[in-house]
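What follows is one structure encoded as structure tokens, with my remarks underneath.
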Amino acid sequence: MKAAVVPAVSSTWQVKDVPQPQLESNQVLVKMHASGICYTDVHQTLGNFPGTFPRILGHEPVGEIVAVAPDVTTRKVGDRVGSAWIQSTCGRCEWCLRGRRMFCPYMRGTGVQTQGGHAEFMPMNADATFLIPDKVSYEQAAPIFCAGYTVYGGLRWADPKPHERVAVVGIGGLGHLAVQYAKAAGFETIAVSHSPDKDKMIRELGADAVVRDGKGLAEAGGADVILSTSNSTKAMMDSIQGLRPDGRLVTMGADVEPFSISLGDLISKRIRIIGSQQNGPEYLYEALDFVAQGKVKTIVETYPLSNAAKAYERVADGKARFRAVLTM
């Protein structure tokens, strides 16, 4: 099969012929139709996150099941499925038994310890697959399995109350979805964007206001929940100026720079800094359902698998508007 392979740290992606994967117990073989490129793919390519090389990345994989292992009973050939960050866990540790599989020390991640979706075929653990609603296309579904799932999970984890205001920092691959999810959930939503050229589009996504930074957010009345989707630690810290008392900053973007905060702000305003990932399968169900209802739409650039290197460079350079998706 063809696959986009990262040969070594910081190397150019190469589309090569590699052996087609063989099914193991509890797996299904998925003919890939779309695979989103996440900025995490950039971190992985640069060696900022652990992983061996050569490797096939891609943790927003969606497609059609073409084969199932004999012991699989919950999925069948023809099912439209995707898989998120967690591919498998041990099932025996405290965190697995408590239903918090994302903390399992033996977790195997999609595109990390296992083959990712930037290929013509991908083996997935059957219990790691999620059925895609009929009304959602593969190109629309792929970014929901990381970007959409992550921001919606962060919004739900912050537990916003009626009448609270939500701000989104960074209107990119994650942020353009976060604005839509916050509005679809019924909250007044403010976008924090440094790019005036995006203002018209941001308002079309549903933002009630657009500000440039944390000071501007404070002047606009502040926010009770800030969803930080930016990859800039500086932007995350700056946004705290606009966090209201008892507010929650939810960090979802990743940066190698350390994060610091004034203890005065932390104590006097009783604010909370919350780390968040995808959090639970119920949030993925709801995230996909909002797309099926037409309340959330991913804005994507599509590229054939043969142009994977170009698509990666668009993401790495911050030029993709807003999610690059490989199609097969």
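Each chain in the structure tokens gets a letter, A, B and so on, in the order shown; residues start at 1 in every chain, and ligands are counted from 1 in the order they appear.
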What are the DSSP strand (DSSP E or B) residues of region 75-212 of chain A, as a PyMOL selection string? chain A and resi 80-83+86-88+108-109+119+121-125+129-131+165-169+188-192+209-211
Find the spatial neighbours of Thr52 (chain A), counting only C-alpha atoms, within a cut-off of 10 Å - ignore same-chain residues fewer than 4 positions away - and output them as a VMD selection string. chain A and resid 6 to 9 44 47 112 to 113
So which residues touch region 253-268 of chain A within 8 Å, counting only C-alpha atoms, skipping near sequence neighbours fewer than 2 positions away, as a PyMOL selection string? chain A and resi 40+48+228-233+237+251+270-272
Would you output that residue set with N, CA and C atoms, as a PDB file, in the first residue's frame?
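Ended up saving to again22.pdb:
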ATOM      1  N   THR A  40      -0.016  18.408  16.043  1.00  0.00           N
ATOM      2  CA  THR A  40       0.738  17.398  16.787  1.00  0.00           C
ATOM      3  C   THR A  40       1.624  16.588  15.843  1.00  0.00           C
ATOM      4  N   ASN A  48       9.637  16.456  19.017  1.00  0.00           N
ATOM      5  CA  ASN A  48       9.273  17.084  20.289  1.00  0.00           C
ATOM      6  C   ASN A  48       8.503  16.130  21.200  1.00  0.00           C
ATOM      7  N   SER A 228      -8.164  27.660  25.250  1.00  0.00           N
ATOM      8  CA  SER A 228      -6.909  28.031  24.612  1.00  0.00           C
ATOM      9  C   SER A 228      -6.504  26.953  23.616  1.00  0.00           C
ATOM     10  N   THR A 229      -6.697  27.240  22.348  1.00  0.00           N
ATOM     11  CA  THR A 229      -6.348  26.287  21.297  1.00  0.00           C
ATOM     12  C   THR A 229      -5.047  26.678  20.603  1.00  0.00           C
ATOM     13  N   SER A 230      -4.447  27.777  21.037  1.00  0.00           N
ATOM     14  CA  SER A 230      -3.224  28.266  20.423  1.00  0.00           C
ATOM     15  C   SER A 230      -2.043  27.366  20.762  1.00  0.00           C
ATOM     16  N   ASN A 231      -1.052  27.339  19.869  1.00  0.00           N
ATOM     17  CA  ASN A 231       0.197  26.634  20.145  1.00  0.00           C
ATOM     18  C   ASN A 231       1.234  27.571  20.752  1.00  0.00           C
ATOM     19  N   SER A 232       0.804  28.764  21.159  1.00  0.00           N
ATOM     20  CA  SER A 232       1.714  29.759  21.728  1.00  0.00           C
ATOM     21  C   SER A 232       1.485  29.887  23.231  1.00  0.00           C
ATOM     22  N   THR A 233       2.497  29.513  24.023  1.00  0.00           N
ATOM     23  CA  THR A 233       2.404  29.691  25.473  1.00  0.00           C
ATOM     24  C   THR A 233       2.190  31.161  25.820  1.00  0.00           C
ATOM     25  N   MET A 237      -0.848  32.707  28.205  1.00  0.00           N
ATOM     26  CA  MET A 237      -0.622  33.471  29.426  1.00  0.00           C
ATOM     27  C   MET A 237      -1.233  34.865  29.312  1.00  0.00           C
ATOM     28  N   THR A 251      -6.362  24.620  28.714  1.00  0.00           N
ATOM     29  CA  THR A 251      -5.252  24.558  27.763  1.00  0.00           C
ATOM     30  C   THR A 251      -5.350  23.279  26.942  1.00  0.00           C
ATOM     31  N   ARG A 270      -9.278  33.671  42.135  1.00  0.00           N
ATOM     32  CA  ARG A 270      -9.673  32.268  42.348  1.00  0.00           C
ATOM     33  C   ARG A 270      -9.879  31.542  41.011  1.00  0.00           C
ATOM     34  N   ILE A 271      -8.990  31.822  40.080  1.00  0.00           N
ATOM     35  CA  ILE A 271      -9.111  31.206  38.766  1.00  0.00           C
ATOM     36  C   ILE A 271      -8.487  29.819  38.765  1.00  0.00           C
ATOM     37  N   ARG A 272      -8.826  29.053  37.749  1.00  0.00           N
ATOM     38  CA  ARG A 272      -8.294  27.703  37.624  1.00  0.00           C
ATOM     39  C   ARG A 272      -7.657  27.522  36.245  1.00  0.00           C
TER      40      ARG A 272
END
Tell me, as a PyMOL selection string, which residues lie within 12 Å of Glu164 (chain A), counting only C-alpha atoms; anything in the same chain fewer than 6 positions away does not count. chain A and resi 158+182-183+185-190+221-226+243-248
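The residue that comes closest to Gln14 (chain A), out of A:Val168, A:Leu177, A:Ile56, A:Ala220 and on the basis of only C-alpha atoms, is A:Ile56.
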Record the distance separating CA of His194 (chain A) and CA of Lys297 (chain A), expressed in Å with one decimal.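 Going from CA of His194 (chain A) over to CA of Lys297 (chain A), I get 22.4 Å.
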Taking only region 188-289 of chain A into account, list the residues labelled helix (DSSP H, G or I) by DSSP (computed from the backbone), as a PyMOL selection string. chain A and resi 196-205+214-219+233-242+263-268+281-289
Quick one: write out the picked residues with N, CA and C atoms as a tab-separated table (two decimals), in the first residue's frame?
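Saved as out.tsv:
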chain	number	residue	atom	x	y	z
A	196	PRO	N	-6.43	40.24	11.79
A	196	PRO	CA	-7.60	40.99	11.35
A	196	PRO	C	-8.23	40.43	10.07
A	197	ASP	N	-7.42	39.78	9.22
A	197	ASP	CA	-7.96	39.24	7.98
A	197	ASP	C	-8.94	38.09	8.20
A	198	LYS	N	-8.97	37.55	9.43
A	198	LYS	CA	-9.89	36.46	9.74
A	198	LYS	C	-11.21	36.95	10.34
A	199	ASP	N	-11.32	38.25	10.63
A	199	ASP	CA	-12.46	38.75	11.40
A	199	ASP	C	-13.81	38.41	10.77
A	200	LYS	N	-13.96	38.66	9.50
A	200	LYS	CA	-15.24	38.41	8.83
A	200	LYS	C	-15.62	36.94	8.93
A	201	MET	N	-14.65	36.08	8.66
A	201	MET	CA	-14.91	34.64	8.73
A	201	MET	C	-15.24	34.21	10.15
A	202	ILE	N	-14.53	34.77	11.14
A	202	ILE	CA	-14.78	34.40	12.54
A	202	ILE	C	-16.20	34.74	12.94
A	203	ARG	N	-16.68	35.90	12.51
A	203	ARG	CA	-18.06	36.28	12.83
A	203	ARG	C	-19.05	35.36	12.12
A	204	GLU	N	-18.71	34.93	10.92
A	204	GLU	CA	-19.58	33.99	10.20
A	204	GLU	C	-19.65	32.64	10.91
A	205	LEU	N	-18.59	32.29	11.64
A	205	LEU	CA	-18.59	31.05	12.41
A	205	LEU	C	-19.48	31.15	13.65
A	214	GLY	N	-5.52	39.54	25.50
A	214	GLY	CA	-6.14	39.44	26.81
A	214	GLY	C	-6.67	40.77	27.31
A	215	LYS	N	-5.95	41.86	27.03
A	215	LYS	CA	-6.42	43.19	27.44
A	215	LYS	C	-7.74	43.52	26.76
A	216	GLY	N	-7.81	43.23	25.46
A	216	GLY	CA	-9.04	43.47	24.72
A	216	GLY	C	-10.18	42.62	25.24
A	217	LEU	N	-9.87	41.39	25.64
A	217	LEU	CA	-10.89	40.51	26.20
A	217	LEU	C	-11.43	41.09	27.50
A	218	ALA	N	-10.53	41.60	28.34
A	218	ALA	CA	-10.96	42.21	29.61
A	218	ALA	C	-11.83	43.42	29.35
A	219	GLU	N	-11.45	44.25	28.37
A	219	GLU	CA	-12.23	45.44	28.05
A	219	GLU	C	-13.60	45.09	27.49
A	233	THR	N	2.50	29.51	24.02
A	233	THR	CA	2.40	29.69	25.47
A	233	THR	C	2.19	31.16	25.82
A	234	LYS	N	2.85	32.06	25.09
A	234	LYS	CA	2.72	33.49	25.33
A	234	LYS	C	1.28	33.94	25.18
A	235	ALA	N	0.59	33.45	24.14
A	235	ALA	CA	-0.81	33.84	23.92
A	235	ALA	C	-1.71	33.29	25.03
A	236	MET	N	-1.41	32.08	25.50
A	236	MET	CA	-2.19	31.49	26.59
A	236	MET	C	-2.07	32.34	27.84
A	237	MET	N	-0.85	32.71	28.21
A	237	MET	CA	-0.62	33.47	29.43
A	237	MET	C	-1.23	34.87	29.31
A	238	ASP	N	-1.12	35.47	28.14
A	238	ASP	CA	-1.68	36.81	27.93
A	238	ASP	C	-3.19	36.82	28.12
A	239	SER	N	-3.86	35.74	27.71
A	239	SER	CA	-5.32	35.72	27.76
A	239	SER	C	-5.86	35.77	29.19
A	240	ILE	N	-5.03	35.42	30.17
A	240	ILE	CA	-5.48	35.39	31.57
A	240	ILE	C	-5.95	36.77	32.03
A	241	GLN	N	-5.46	37.83	31.39
A	241	GLN	CA	-5.93	39.18	31.71
A	241	GLN	C	-7.45	39.30	31.57
A	242	GLY	N	-8.00	38.53	30.67
A	242	GLY	CA	-9.43	38.62	30.40
A	242	GLY	C	-10.26	37.58	31.11
A	263	LEU	N	0.85	34.30	40.89
A	263	LEU	CA	0.12	33.76	42.04
A	263	LEU	C	-0.92	34.74	42.55
A	264	GLY	N	-0.67	36.04	42.36
A	264	GLY	CA	-1.65	37.05	42.74
A	264	GLY	C	-2.96	36.87	41.99
A	265	ASP	N	-2.85	36.66	40.66
A	265	ASP	CA	-4.05	36.41	39.85
A	265	ASP	C	-4.73	35.12	40.29
A	266	LEU	N	-3.91	34.12	40.52
A	266	LEU	CA	-4.46	32.80	40.86
A	266	LEU	C	-5.26	32.86	42.16
A	267	ILE	N	-4.72	33.59	43.15
A	267	ILE	CA	-5.36	33.65	44.46
A	267	ILE	C	-6.50	34.66	44.50
A	268	SER	N	-6.23	35.88	44.05
A	268	SER	CA	-7.22	36.95	44.22
A	268	SER	C	-8.46	36.73	43.36
A	281	PRO	N	-15.57	9.13	25.70
A	281	PRO	CA	-16.25	8.83	24.42
A	281	PRO	C	-17.58	9.55	24.26
A	282	GLU	N	-18.25	9.90	25.37
A	282	GLU	CA	-19.52	10.59	25.24
A	282	GLU	C	-19.35	11.95	24.57
A	283	TYR	N	-18.17	12.57	24.76
A	283	TYR	CA	-17.93	13.87	24.14
A	283	TYR	C	-17.69	13.72	22.64
A	284	LEU	N	-17.09	12.62	22.22
A	284	LEU	CA	-16.92	12.38	20.79
A	284	LEU	C	-18.27	12.16	20.13
A	285	TYR	N	-19.14	11.43	20.80
A	285	TYR	CA	-20.50	11.22	20.26
A	285	TYR	C	-21.18	12.57	20.04
A	286	GLU	N	-21.13	13.44	21.05
A	286	GLU	CA	-21.80	14.73	20.95
A	286	GLU	C	-21.14	15.62	19.90
A	287	ALA	N	-19.82	15.57	19.82
A	287	ALA	CA	-19.10	16.39	18.84
A	287	ALA	C	-19.49	16.01	17.41
A	288	LEU	N	-19.58	14.71	17.14
A	288	LEU	CA	-20.00	14.25	15.81
A	288	LEU	C	-21.47	14.58	15.55
A	289	ASP	N	-22.29	14.49	16.60
A	289	ASP	CA	-23.72	14.75	16.43
A	289	ASP	C	-23.97	16.21	16.06
Leaving out region 302-309 of chain A and any residue of its chain fewer than 2 positions from it, which residues lie within 7 Å of it when counting only C-alpha atoms, given as a ChimeraX atom specification? /A:4,12-15,300,311-313,324-328
Pull N, CA, C and O atoms from the residues just selected and write them as a tab-separated table (two decimals), in the first residue's frame.
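See again24.tsv below for the written result:
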chain	number	residue	atom	x	y	z
A	4	ALA	N	2.27	7.76	3.74
A	4	ALA	CA	3.16	8.90	3.97
A	4	ALA	C	4.06	8.53	5.15
A	4	ALA	O	3.59	8.39	6.27
A	12	THR	N	11.63	15.29	5.59
A	12	THR	CA	10.49	15.52	4.71
A	12	THR	C	9.65	14.25	4.61
A	12	THR	O	10.19	13.14	4.51
A	13	TRP	N	8.34	14.41	4.64
A	13	TRP	CA	7.45	13.26	4.47
A	13	TRP	C	7.63	12.67	3.07
A	13	TRP	O	7.76	13.41	2.08
A	14	GLN	N	7.62	11.35	2.99
A	14	GLN	CA	7.78	10.66	1.70
A	14	GLN	C	6.64	9.66	1.51
A	14	GLN	O	6.34	8.88	2.43
A	15	VAL	N	6.00	9.69	0.35
A	15	VAL	CA	4.97	8.70	0.04
A	15	VAL	C	5.66	7.50	-0.58
A	15	VAL	O	6.30	7.60	-1.63
A	300	VAL	N	-11.92	22.77	5.67
A	300	VAL	CA	-10.77	21.92	5.35
A	300	VAL	C	-10.17	22.25	4.00
A	300	VAL	O	-10.84	22.76	3.10
A	311	ALA	N	0.93	19.11	1.99
A	311	ALA	CA	-0.08	19.36	3.03
A	311	ALA	C	0.58	19.56	4.38
A	311	ALA	O	0.21	20.46	5.15
A	312	TYR	N	1.58	18.75	4.68
A	312	TYR	CA	2.30	18.88	5.96
A	312	TYR	C	2.96	20.25	6.07
A	312	TYR	O	2.89	20.90	7.12
A	313	GLU	N	3.60	20.69	5.01
A	313	GLU	CA	4.27	21.99	5.04
A	313	GLU	C	3.28	23.12	5.27
A	313	GLU	O	3.58	24.09	5.99
A	324	ALA	N	-5.96	20.63	7.29
A	324	ALA	CA	-5.52	19.91	6.10
A	324	ALA	C	-5.92	18.45	6.24
A	324	ALA	O	-5.65	17.83	7.26
A	325	VAL	N	-6.55	17.93	5.21
A	325	VAL	CA	-7.04	16.55	5.24
A	325	VAL	C	-6.54	15.80	4.01
A	325	VAL	O	-6.73	16.27	2.88
A	326	LEU	N	-5.88	14.67	4.25
A	326	LEU	CA	-5.46	13.81	3.14
A	326	LEU	C	-6.62	12.93	2.73
A	326	LEU	O	-7.35	12.41	3.58
A	327	THR	N	-6.82	12.76	1.44
A	327	THR	CA	-7.89	11.89	0.94
A	327	THR	C	-7.29	10.74	0.16
A	327	THR	O	-6.27	10.88	-0.51
A	328	MET	N	-7.93	9.59	0.25
A	328	MET	CA	-7.43	8.38	-0.39
A	328	MET	C	-8.53	7.77	-1.28
A	328	MET	O	-9.70	7.83	-0.96
Write out as a list in words each polymer residue whose atoms come within 9 Å of Val291 (chain A), counting only C-alpha atoms; drop sequence neighbours fewer than 4 positions from it.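 Near neighbours after the sequence-gap exclusion: Pro133, Lys135, Val136, Gln140, Ala141, Ile144, Glu286, Ala287, Lys295, Val296, Lys297 and Thr298 of chain A.
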Would you write out those residues with C-alpha atoms, as an mmCIF file, in the first residue's frame?
data_model
loop_
_atom_site.group_PDB
_atom_site.id
_atom_site.type_symbol
_atom_site.label_atom_id
_atom_site.label_comp_id
_atom_site.auth_asym_id
_atom_site.auth_seq_id
_atom_site.Cartn_x
_atom_site.Cartn_y
_atom_site.Cartn_z
ATOM 1 C CA PRO A 133 -23.141 9.378 11.385
ATOM 2 C CA LYS A 135 -24.946 12.547 7.261
ATOM 3 C CA VAL A 136 -21.264 13.314 7.904
ATOM 4 C CA GLN A 140 -15.878 16.507 7.564
ATOM 5 C CA ALA A 141 -15.524 13.643 10.035
ATOM 6 C CA ILE A 144 -13.567 15.790 14.570
ATOM 7 C CA GLU A 286 -21.801 14.734 20.952
ATOM 8 C CA ALA A 287 -19.102 16.391 18.836
ATOM 9 C CA LYS A 295 -24.501 23.162 13.640
ATOM 10 C CA VAL A 296 -20.725 22.690 13.266
ATOM 11 C CA LYS A 297 -18.736 22.483 10.043
ATOM 12 C CA THR A 298 -15.043 21.856 9.611
#
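Distance check against Arg165 (chain A) using only C-alpha atoms: of A:Tyr149, A:Glu139, A:Ala209, A:Ala84, the minimum falls on A:Ala209.
When only C-alpha atoms are used to compute distances to Gln22 (chain A), the closest of the residues A:Met122, A:Arg55, A:Phe49, A:Gly36 turns out to be A:Met122.
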Out of A:Phe121, A:Cys93, A:Thr74, A:Ala128, which residue has the shortest atom-to-atom distance to Val18 (chain A) when counting only C-alpha atoms?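 Between A:Phe121, A:Cys93, A:Thr74, A:Ala128, the residue approaching Val18 (chain A) most closely is A:Phe121.
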Calculate how many Å separate CA of Lys16 (chain A) from CA of Met1 (chain A), rounding to one decimal.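 Atom-to-atom, CA of Lys16 (chain A) to CA of Met1 (chain A), that is 8.1 Å.
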Expressed in Å, the length from CA of Tyr181 (chain A) to CA of His118 (chain A) is 26.7 Å
For Asp159 (chain A), which residue among A:Leu227, A:Arg314, A:Ser195, A:Gly51 is the nearest when counting only C-alpha atoms?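 Selected residue with least distance to Asp159 (chain A): A:Leu227.
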Arg101 (chain A) surroundings by only C-alpha atoms, 9 Å radius, close-in-sequence under 4 positions cut, as a list in words: Ile86, Ser88, Thr89, Cys90, Gly91, Trp95, Cys96, Leu97, Met107, Asn279 and Gly280 of chain A
Using the selection just defined, write its residues with N, CA and C atoms as a PDB file, in the first residue's frame.
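Everything below was put into selection-v1.pdb:
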ATOM      1  N   ILE A  86      -6.685   7.327  21.486  1.00  0.00           N
ATOM      2  CA  ILE A  86      -6.410   6.079  22.196  1.00  0.00           C
ATOM      3  C   ILE A  86      -6.699   4.891  21.295  1.00  0.00           C
ATOM      4  N   SER A  88      -5.399   1.568  22.273  1.00  0.00           N
ATOM      5  CA  SER A  88      -5.624   0.481  23.235  1.00  0.00           C
ATOM      6  C   SER A  88      -5.024   0.850  24.580  1.00  0.00           C
ATOM      7  N   THR A  89      -5.536   0.210  25.631  1.00  0.00           N
ATOM      8  CA  THR A  89      -4.996   0.363  26.988  1.00  0.00           C
ATOM      9  C   THR A  89      -4.938  -1.015  27.632  1.00  0.00           C
ATOM     10  N   CYS A  90      -4.356  -1.073  28.829  1.00  0.00           N
ATOM     11  CA  CYS A  90      -4.136  -2.382  29.456  1.00  0.00           C
ATOM     12  C   CYS A  90      -5.428  -2.999  29.991  1.00  0.00           C
ATOM     13  N   GLY A  91      -6.394  -2.164  30.382  1.00  0.00           N
ATOM     14  CA  GLY A  91      -7.652  -2.673  30.911  1.00  0.00           C
ATOM     15  C   GLY A  91      -7.579  -3.170  32.349  1.00  0.00           C
ATOM     16  N   TRP A  95      -6.569   3.361  36.404  1.00  0.00           N
ATOM     17  CA  TRP A  95      -7.236   4.332  35.541  1.00  0.00           C
ATOM     18  C   TRP A  95      -8.167   3.665  34.554  1.00  0.00           C
ATOM     19  N   CYS A  96      -7.794   2.518  34.041  1.00  0.00           N
ATOM     20  CA  CYS A  96      -8.705   1.773  33.160  1.00  0.00           C
ATOM     21  C   CYS A  96      -9.950   1.335  33.925  1.00  0.00           C
ATOM     22  N   LEU A  97      -9.741   0.838  35.146  1.00  0.00           N
ATOM     23  CA  LEU A  97     -10.860   0.347  35.940  1.00  0.00           C
ATOM     24  C   LEU A  97     -11.786   1.481  36.384  1.00  0.00           C
ATOM     25  N   MET A 107      -1.012   2.879  27.671  1.00  0.00           N
ATOM     26  CA  MET A 107      -1.799   3.273  26.508  1.00  0.00           C
ATOM     27  C   MET A 107      -0.957   3.244  25.228  1.00  0.00           C
ATOM     28  N   ASN A 279     -10.872  13.329  26.903  1.00  0.00           N
ATOM     29  CA  ASN A 279     -11.697  13.189  28.103  1.00  0.00           C
ATOM     30  C   ASN A 279     -12.693  12.042  28.170  1.00  0.00           C
ATOM     31  N   GLY A 280     -13.423  11.678  27.152  1.00  0.00           N
ATOM     32  CA  GLY A 280     -14.362  10.574  27.268  1.00  0.00           C
ATOM     33  C   GLY A 280     -15.150  10.370  25.991  1.00  0.00           C
TER      34      GLY A 280
END
